[in-house]
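Single-structure report; data block below.
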Amino acid sequence: MMSESGGEAIRVVVVDDDDLVRENIRTYLAGAPDIEIVGTGATGFEATRLVGDLAPDILMMDIRMPVMDGISAAEQIRQLYPAVKVVLLTTFDDDAMLAGLHAGVSGFLLKSTSPEDLVHGLRQVMDGGTVVSPGPTARLVRDYLVSPQPTERIEIEFSMREQEVLDLLCQAYTNQEIAERLFVRESTVKSHVSSIMTKLGVSSRLKVVVRAHELGLVRH
């Protein structure tokens with residue numbers, strides 16, 4: 001299906017065992033001309049079948065579901081259909097998030113995410129980015145991926161602007177929000193983010209946050 005702008009719409013499958021959640025997401029996305037929900041389901045088993053039948057761009061899926069949970073489904077889907085991006089939904093900072101990260105998901109969004117942030121997050125994922133709600137980012141870094149105190153501090157040379165961008169990244173600001181706070185163009189922020197990724201030897205925004213905390217590079 002074509003979007004109103006003439007390009008291909010982002011095809012999304014939504015899987016959650018709560019009917020109300022599925023309906024809310026459908027309502028949230030209805031106003032986005034470049035996003036189309038092509039299927040819905042209630043279990044991880046259905047998620048795998050729907051992805052195989054419908055070939056969506058993005059699968060939005062609850063973590064905790066009957067028959068097959070979201071983590072198991074994500075692992076299976078990422079192996080069978082690596083082109084499909086998976087975003088996990090949760091009502092809180094879920095303890096299963098680390099397993100989701102290892103399964104190769106493209107992000108974690110709270111079910112309380114605003115319609116605007118939900119749409120923005122899907123677009124960001126479609127562009128190859130990683131999207132994480134601020135709460136889950138903090139817990140993921142604090143409880144799972146970072147030692148309380150780094151065993152050694154590795155000095156990496158960042159410019160003053162790169163350090164500012166890094167600090168805001170670690171507070172879960174988007175590129176657009178960083179640009180607004182620093183009074184620069186969004187393209188400039190993207191360039192700084194790319195440079196930071198290269199210096200840290202990582203390939204995603206989430207891994208930037210994790211690595212920066214591991215090395216004690218974040219200013220508070």
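Residues are referred to by chain and number: the chain letter is A, B, ... according to the order shown in the structure tokens, the number counts from 1 in that chain, and ligands are numbered separately from 1 in the order shown.
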Could you pull out the residues in region 14-106 of chain A that DSSP calls strand (DSSP E) from the backbone, as a list in words?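 Those in region 14-106 of chain A that DSSP calls strand (DSSP E) are Val14, Val15, Ile35, Glu36, Ile37, Val38, Gly39, Thr40, Gly41, Ile58, Leu59, Met60, Met61, Asp62, Lys85, Val86, Val87, Leu88, Leu89 and Thr90 of chain A.
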Using N, CA and C atoms, can you write the selected residues to a file as a CSV table (one decimal), in the first residue's frame?
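So out-v7.csv came out as:
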chain,number,residue,atom,x,y,z
A,14,VAL,N,0.8,-6.1,14.9
A,14,VAL,CA,0.7,-5.9,16.3
A,14,VAL,C,0.2,-7.1,17.0
A,15,VAL,N,1.0,-7.6,18.0
A,15,VAL,CA,0.6,-8.8,18.7
A,15,VAL,C,0.6,-8.5,20.2
A,35,ILE,N,2.0,4.7,7.9
A,35,ILE,CA,2.0,3.5,8.6
A,35,ILE,C,0.7,2.7,8.4
A,36,GLU,N,0.8,1.4,8.2
A,36,GLU,CA,-0.4,0.6,8.0
A,36,GLU,C,-0.3,-0.7,8.8
A,37,ILE,N,-1.3,-0.9,9.7
A,37,ILE,CA,-1.4,-2.2,10.4
A,37,ILE,C,-2.0,-3.2,9.5
A,38,VAL,N,-1.2,-4.3,9.2
A,38,VAL,CA,-1.6,-5.3,8.2
A,38,VAL,C,-2.1,-6.6,8.9
A,39,GLY,N,-1.9,-6.7,10.2
A,39,GLY,CA,-2.4,-7.9,10.9
A,39,GLY,C,-2.2,-7.7,12.4
A,40,THR,N,-3.0,-8.5,13.2
A,40,THR,CA,-2.9,-8.5,14.6
A,40,THR,C,-3.1,-9.9,15.1
A,41,GLY,N,-2.5,-10.1,16.3
A,41,GLY,CA,-2.6,-11.4,16.9
A,41,GLY,C,-2.5,-11.3,18.5
A,58,ILE,N,7.7,-4.2,10.4
A,58,ILE,CA,7.9,-4.1,11.8
A,58,ILE,C,6.9,-5.0,12.5
A,59,LEU,N,7.3,-5.7,13.5
A,59,LEU,CA,6.4,-6.5,14.4
A,59,LEU,C,6.5,-5.8,15.8
A,60,MET,N,5.3,-5.3,16.3
A,60,MET,CA,5.2,-4.8,17.6
A,60,MET,C,4.6,-5.9,18.5
A,61,MET,N,5.2,-6.3,19.5
A,61,MET,CA,4.8,-7.5,20.3
A,61,MET,C,5.0,-7.3,21.8
A,62,ASP,N,4.0,-7.8,22.5
A,62,ASP,CA,4.0,-7.8,24.0
A,62,ASP,C,5.1,-8.8,24.4
A,85,LYS,N,11.9,-6.1,11.6
A,85,LYS,CA,12.4,-5.5,12.8
A,85,LYS,C,11.3,-5.7,13.9
A,86,VAL,N,11.8,-6.0,15.1
A,86,VAL,CA,10.9,-6.3,16.3
A,86,VAL,C,11.0,-5.3,17.3
A,87,VAL,N,9.9,-4.7,17.8
A,87,VAL,CA,9.8,-3.8,18.9
A,87,VAL,C,8.9,-4.4,20.0
A,88,LEU,N,9.5,-4.6,21.2
A,88,LEU,CA,8.8,-5.2,22.3
A,88,LEU,C,8.0,-4.2,23.1
A,89,LEU,N,6.8,-4.5,23.4
A,89,LEU,CA,5.9,-3.7,24.2
A,89,LEU,C,5.9,-4.2,25.7
A,90,THR,N,5.9,-3.3,26.6
A,90,THR,CA,5.8,-3.6,28.0
A,90,THR,C,5.1,-2.6,28.8
Using only C-alpha atoms, which protein or nucleic acid residues come within 9 Å of region 42-49 of chain A? Drop anything in the same chain fewer than 5 positions from it, and give the result as JSON, numbers by chain. {"A": [13, 14, 15, 16, 17, 18, 19, 22, 54, 59, 61, 62, 63, 64, 65, 66, 67, 68, 69, 70, 71, 72, 73, 74, 76, 77, 80]}
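Here CA of Ala103 (chain A) and CA of Met197 (chain A) stand 21.0 Å from one another.
Nearest to Tyr173 (chain A) of all the residues A:Glu23, A:Asp53, A:Glu155, A:Asp117 is A:Asp117, counting only C-alpha atoms.
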Set out as JSON lines a contact list for region 153-189 of chain A and region 198-217 of chain A with a cut-off of 10 Å, giving each residue of region 153-189 of chain A that qualifies its closest atom pair and distance in Å to one decimal, counting only C-alpha atoms, ordered by chain and rising residue number.
{"residue": "A:Arg153", "atom": "CA", "partner": "A:Leu215", "partner_atom": "CA", "distance": 5.5}
{"residue": "A:Ile154", "atom": "CA", "partner": "A:Leu215", "partner_atom": "CA", "distance": 6.0}
{"residue": "A:Glu155", "atom": "CA", "partner": "A:Leu217", "partner_atom": "CA", "distance": 8.2}
{"residue": "A:Ile156", "atom": "CA", "partner": "A:Lys199", "partner_atom": "CA", "distance": 7.3}
{"residue": "A:Glu157", "atom": "CA", "partner": "A:Lys199", "partner_atom": "CA", "distance": 8.2}
{"residue": "A:Phe158", "atom": "CA", "partner": "A:Lys199", "partner_atom": "CA", "distance": 8.4}
{"residue": "A:Gln163", "atom": "CA", "partner": "A:Leu217", "partner_atom": "CA", "distance": 8.7}
{"residue": "A:Leu166", "atom": "CA", "partner": "A:Val209", "partner_atom": "CA", "distance": 8.0}
{"residue": "A:Asp167", "atom": "CA", "partner": "A:Leu217", "partner_atom": "CA", "distance": 8.7}
{"residue": "A:Leu168", "atom": "CA", "partner": "A:Val209", "partner_atom": "CA", "distance": 9.8}
{"residue": "A:Leu169", "atom": "CA", "partner": "A:Val209", "partner_atom": "CA", "distance": 6.9}
{"residue": "A:Cys170", "atom": "CA", "partner": "A:Val209", "partner_atom": "CA", "distance": 5.2}
{"residue": "A:Gln171", "atom": "CA", "partner": "A:Val209", "partner_atom": "CA", "distance": 8.7}
{"residue": "A:Ala172", "atom": "CA", "partner": "A:Val209", "partner_atom": "CA", "distance": 8.7}
{"residue": "A:Thr174", "atom": "CA", "partner": "A:Arg205", "partner_atom": "CA", "distance": 9.8}
Generate a file of the selected residues that holds all heavy atoms, formatted as a tab-separated table (two decimals), in the first residue's frame.
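Result went into result_11.tsv, see below:
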chain	number	residue	atom	x	y	z
A	153	ARG	N	38.68	3.18	33.81
A	153	ARG	CA	38.15	4.25	32.97
A	153	ARG	C	39.02	4.37	31.73
A	153	ARG	O	40.23	4.62	31.84
A	153	ARG	CB	38.14	5.58	33.73
A	153	ARG	CG	37.50	6.70	32.90
A	153	ARG	CD	37.50	8.01	33.67
A	153	ARG	NE	36.94	9.07	32.87
A	153	ARG	CZ	35.66	9.40	32.88
A	153	ARG	NH1	34.83	8.74	33.64
A	153	ARG	NH2	35.22	10.39	32.13
A	154	ILE	N	38.42	4.12	30.59
A	154	ILE	CA	39.13	4.21	29.33
A	154	ILE	C	38.90	5.60	28.75
A	154	ILE	O	37.76	6.03	28.59
A	154	ILE	CB	38.65	3.13	28.35
A	154	ILE	CG1	38.94	1.74	28.94
A	154	ILE	CG2	39.32	3.29	26.99
A	154	ILE	CD1	38.43	0.61	28.08
A	155	GLU	N	39.98	6.27	28.46
A	155	GLU	CA	39.87	7.63	27.93
A	155	GLU	C	39.61	7.59	26.43
A	155	GLU	O	40.40	7.02	25.66
A	155	GLU	CB	41.16	8.41	28.21
A	155	GLU	CG	41.40	8.66	29.69
A	155	GLU	CD	40.33	9.54	30.32
A	155	GLU	OE1	39.69	10.33	29.58
A	155	GLU	OE2	40.12	9.43	31.54
A	156	ILE	N	38.51	8.14	26.01
A	156	ILE	CA	38.19	8.29	24.59
A	156	ILE	C	38.01	9.77	24.33
A	156	ILE	O	37.30	10.45	25.06
A	156	ILE	CB	36.91	7.51	24.22
A	156	ILE	CG1	37.13	6.01	24.43
A	156	ILE	CG2	36.50	7.79	22.78
A	156	ILE	CD1	35.92	5.16	24.13
A	157	GLU	N	38.67	10.24	23.30
A	157	GLU	CA	38.65	11.67	23.01
A	157	GLU	C	37.38	12.06	22.27
A	157	GLU	O	37.18	11.70	21.12
A	157	GLU	CB	39.88	12.05	22.17
A	157	GLU	CG	41.20	11.94	22.91
A	157	GLU	CD	41.30	12.95	24.05
A	157	GLU	OE1	40.72	14.05	23.92
A	157	GLU	OE2	41.94	12.63	25.06
A	158	PHE	N	36.50	12.79	22.97
A	158	PHE	CA	35.31	13.35	22.35
A	158	PHE	C	35.48	14.86	22.28
A	158	PHE	O	36.08	15.47	23.17
A	158	PHE	CB	34.06	13.05	23.17
A	158	PHE	CG	33.65	11.61	23.19
A	158	PHE	CD1	33.55	10.92	24.39
A	158	PHE	CD2	33.35	10.94	22.01
A	158	PHE	CE1	33.17	9.59	24.43
A	158	PHE	CE2	32.96	9.61	22.03
A	158	PHE	CZ	32.88	8.93	23.23
A	163	GLN	N	30.52	15.23	23.40
A	163	GLN	CA	30.23	14.88	24.78
A	163	GLN	C	28.84	15.35	25.17
A	163	GLN	O	28.09	14.64	25.86
A	163	GLN	CB	31.26	15.51	25.72
A	163	GLN	CG	31.08	15.12	27.18
A	163	GLN	CD	31.33	13.64	27.44
A	163	GLN	OE1	32.39	13.13	27.12
A	163	GLN	NE2	30.34	12.97	28.02
A	166	LEU	N	26.46	12.95	23.57
A	166	LEU	CA	26.50	11.67	24.29
A	166	LEU	C	25.69	11.75	25.58
A	166	LEU	O	24.91	10.83	25.89
A	166	LEU	CB	27.95	11.31	24.61
A	166	LEU	CG	28.16	10.04	25.45
A	166	LEU	CD1	27.60	8.83	24.73
A	166	LEU	CD2	29.64	9.85	25.76
A	167	ASP	N	25.86	12.82	26.33
A	167	ASP	CA	25.12	12.97	27.59
A	167	ASP	C	23.61	12.95	27.35
A	167	ASP	O	22.85	12.34	28.11
A	167	ASP	CB	25.53	14.26	28.29
A	167	ASP	CG	26.97	14.24	28.79
A	167	ASP	OD1	27.51	13.13	28.97
A	167	ASP	OD2	27.55	15.32	28.98
A	168	LEU	N	23.17	13.62	26.30
A	168	LEU	CA	21.74	13.67	26.00
A	168	LEU	C	21.25	12.33	25.46
A	168	LEU	O	20.11	11.92	25.75
A	168	LEU	CB	21.46	14.80	25.00
A	168	LEU	CG	21.67	16.22	25.57
A	168	LEU	CD1	21.57	17.26	24.47
A	168	LEU	CD2	20.67	16.51	26.68
A	169	LEU	N	22.07	11.65	24.68
A	169	LEU	CA	21.71	10.31	24.22
A	169	LEU	C	21.44	9.40	25.42
A	169	LEU	O	20.50	8.61	25.42
A	169	LEU	CB	22.85	9.70	23.39
A	169	LEU	CG	22.91	9.99	21.90
A	169	LEU	CD1	24.13	9.31	21.30
A	169	LEU	CD2	21.65	9.53	21.21
A	170	CYS	N	22.28	9.52	26.44
A	170	CYS	CA	22.16	8.67	27.62
A	170	CYS	C	20.95	9.04	28.47
A	170	CYS	O	20.61	8.31	29.41
A	170	CYS	CB	23.44	8.72	28.44
A	170	CYS	SG	24.84	7.91	27.61
A	171	GLN	N	20.32	10.16	28.17
A	171	GLN	CA	19.07	10.54	28.82
A	171	GLN	C	17.87	10.24	27.92
A	171	GLN	O	16.75	10.68	28.18
A	171	GLN	CB	19.10	12.04	29.16
A	171	GLN	CG	20.18	12.41	30.18
A	171	GLN	CD	20.26	13.91	30.40
A	171	GLN	OE1	19.25	14.55	30.72
A	171	GLN	NE2	21.44	14.49	30.21
A	172	ALA	N	18.13	9.48	26.83
A	172	ALA	CA	17.09	8.99	25.91
A	172	ALA	C	16.45	10.09	25.07
A	172	ALA	O	15.31	9.96	24.62
A	172	ALA	CB	16.01	8.22	26.67
A	174	THR	N	15.87	12.08	21.61
A	174	THR	CA	15.96	11.77	20.18
A	174	THR	C	16.89	12.76	19.50
A	174	THR	O	17.25	13.80	20.08
A	174	THR	CB	14.57	11.86	19.52
A	174	THR	OG1	14.12	13.23	19.56
A	174	THR	CG2	13.56	10.97	20.23
Residues near region 118-125 of chain A, cut-off 10 Å, only C-alpha atoms, skip fewer than 2 positions along chain, as a ChimeraX atom specification: /A:10,12,25,28-32,34-35,57-60,85-87,106-116,127-133,174
When distances are computed from only C-alpha atoms, which of A:Gly52, A:Met126, A:Glu164, A:Asn24 shows the smallest separation from Glu8 (chain A)?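 Residue with the minimum atom-to-atom distance to Glu8 (chain A): A:Met126.
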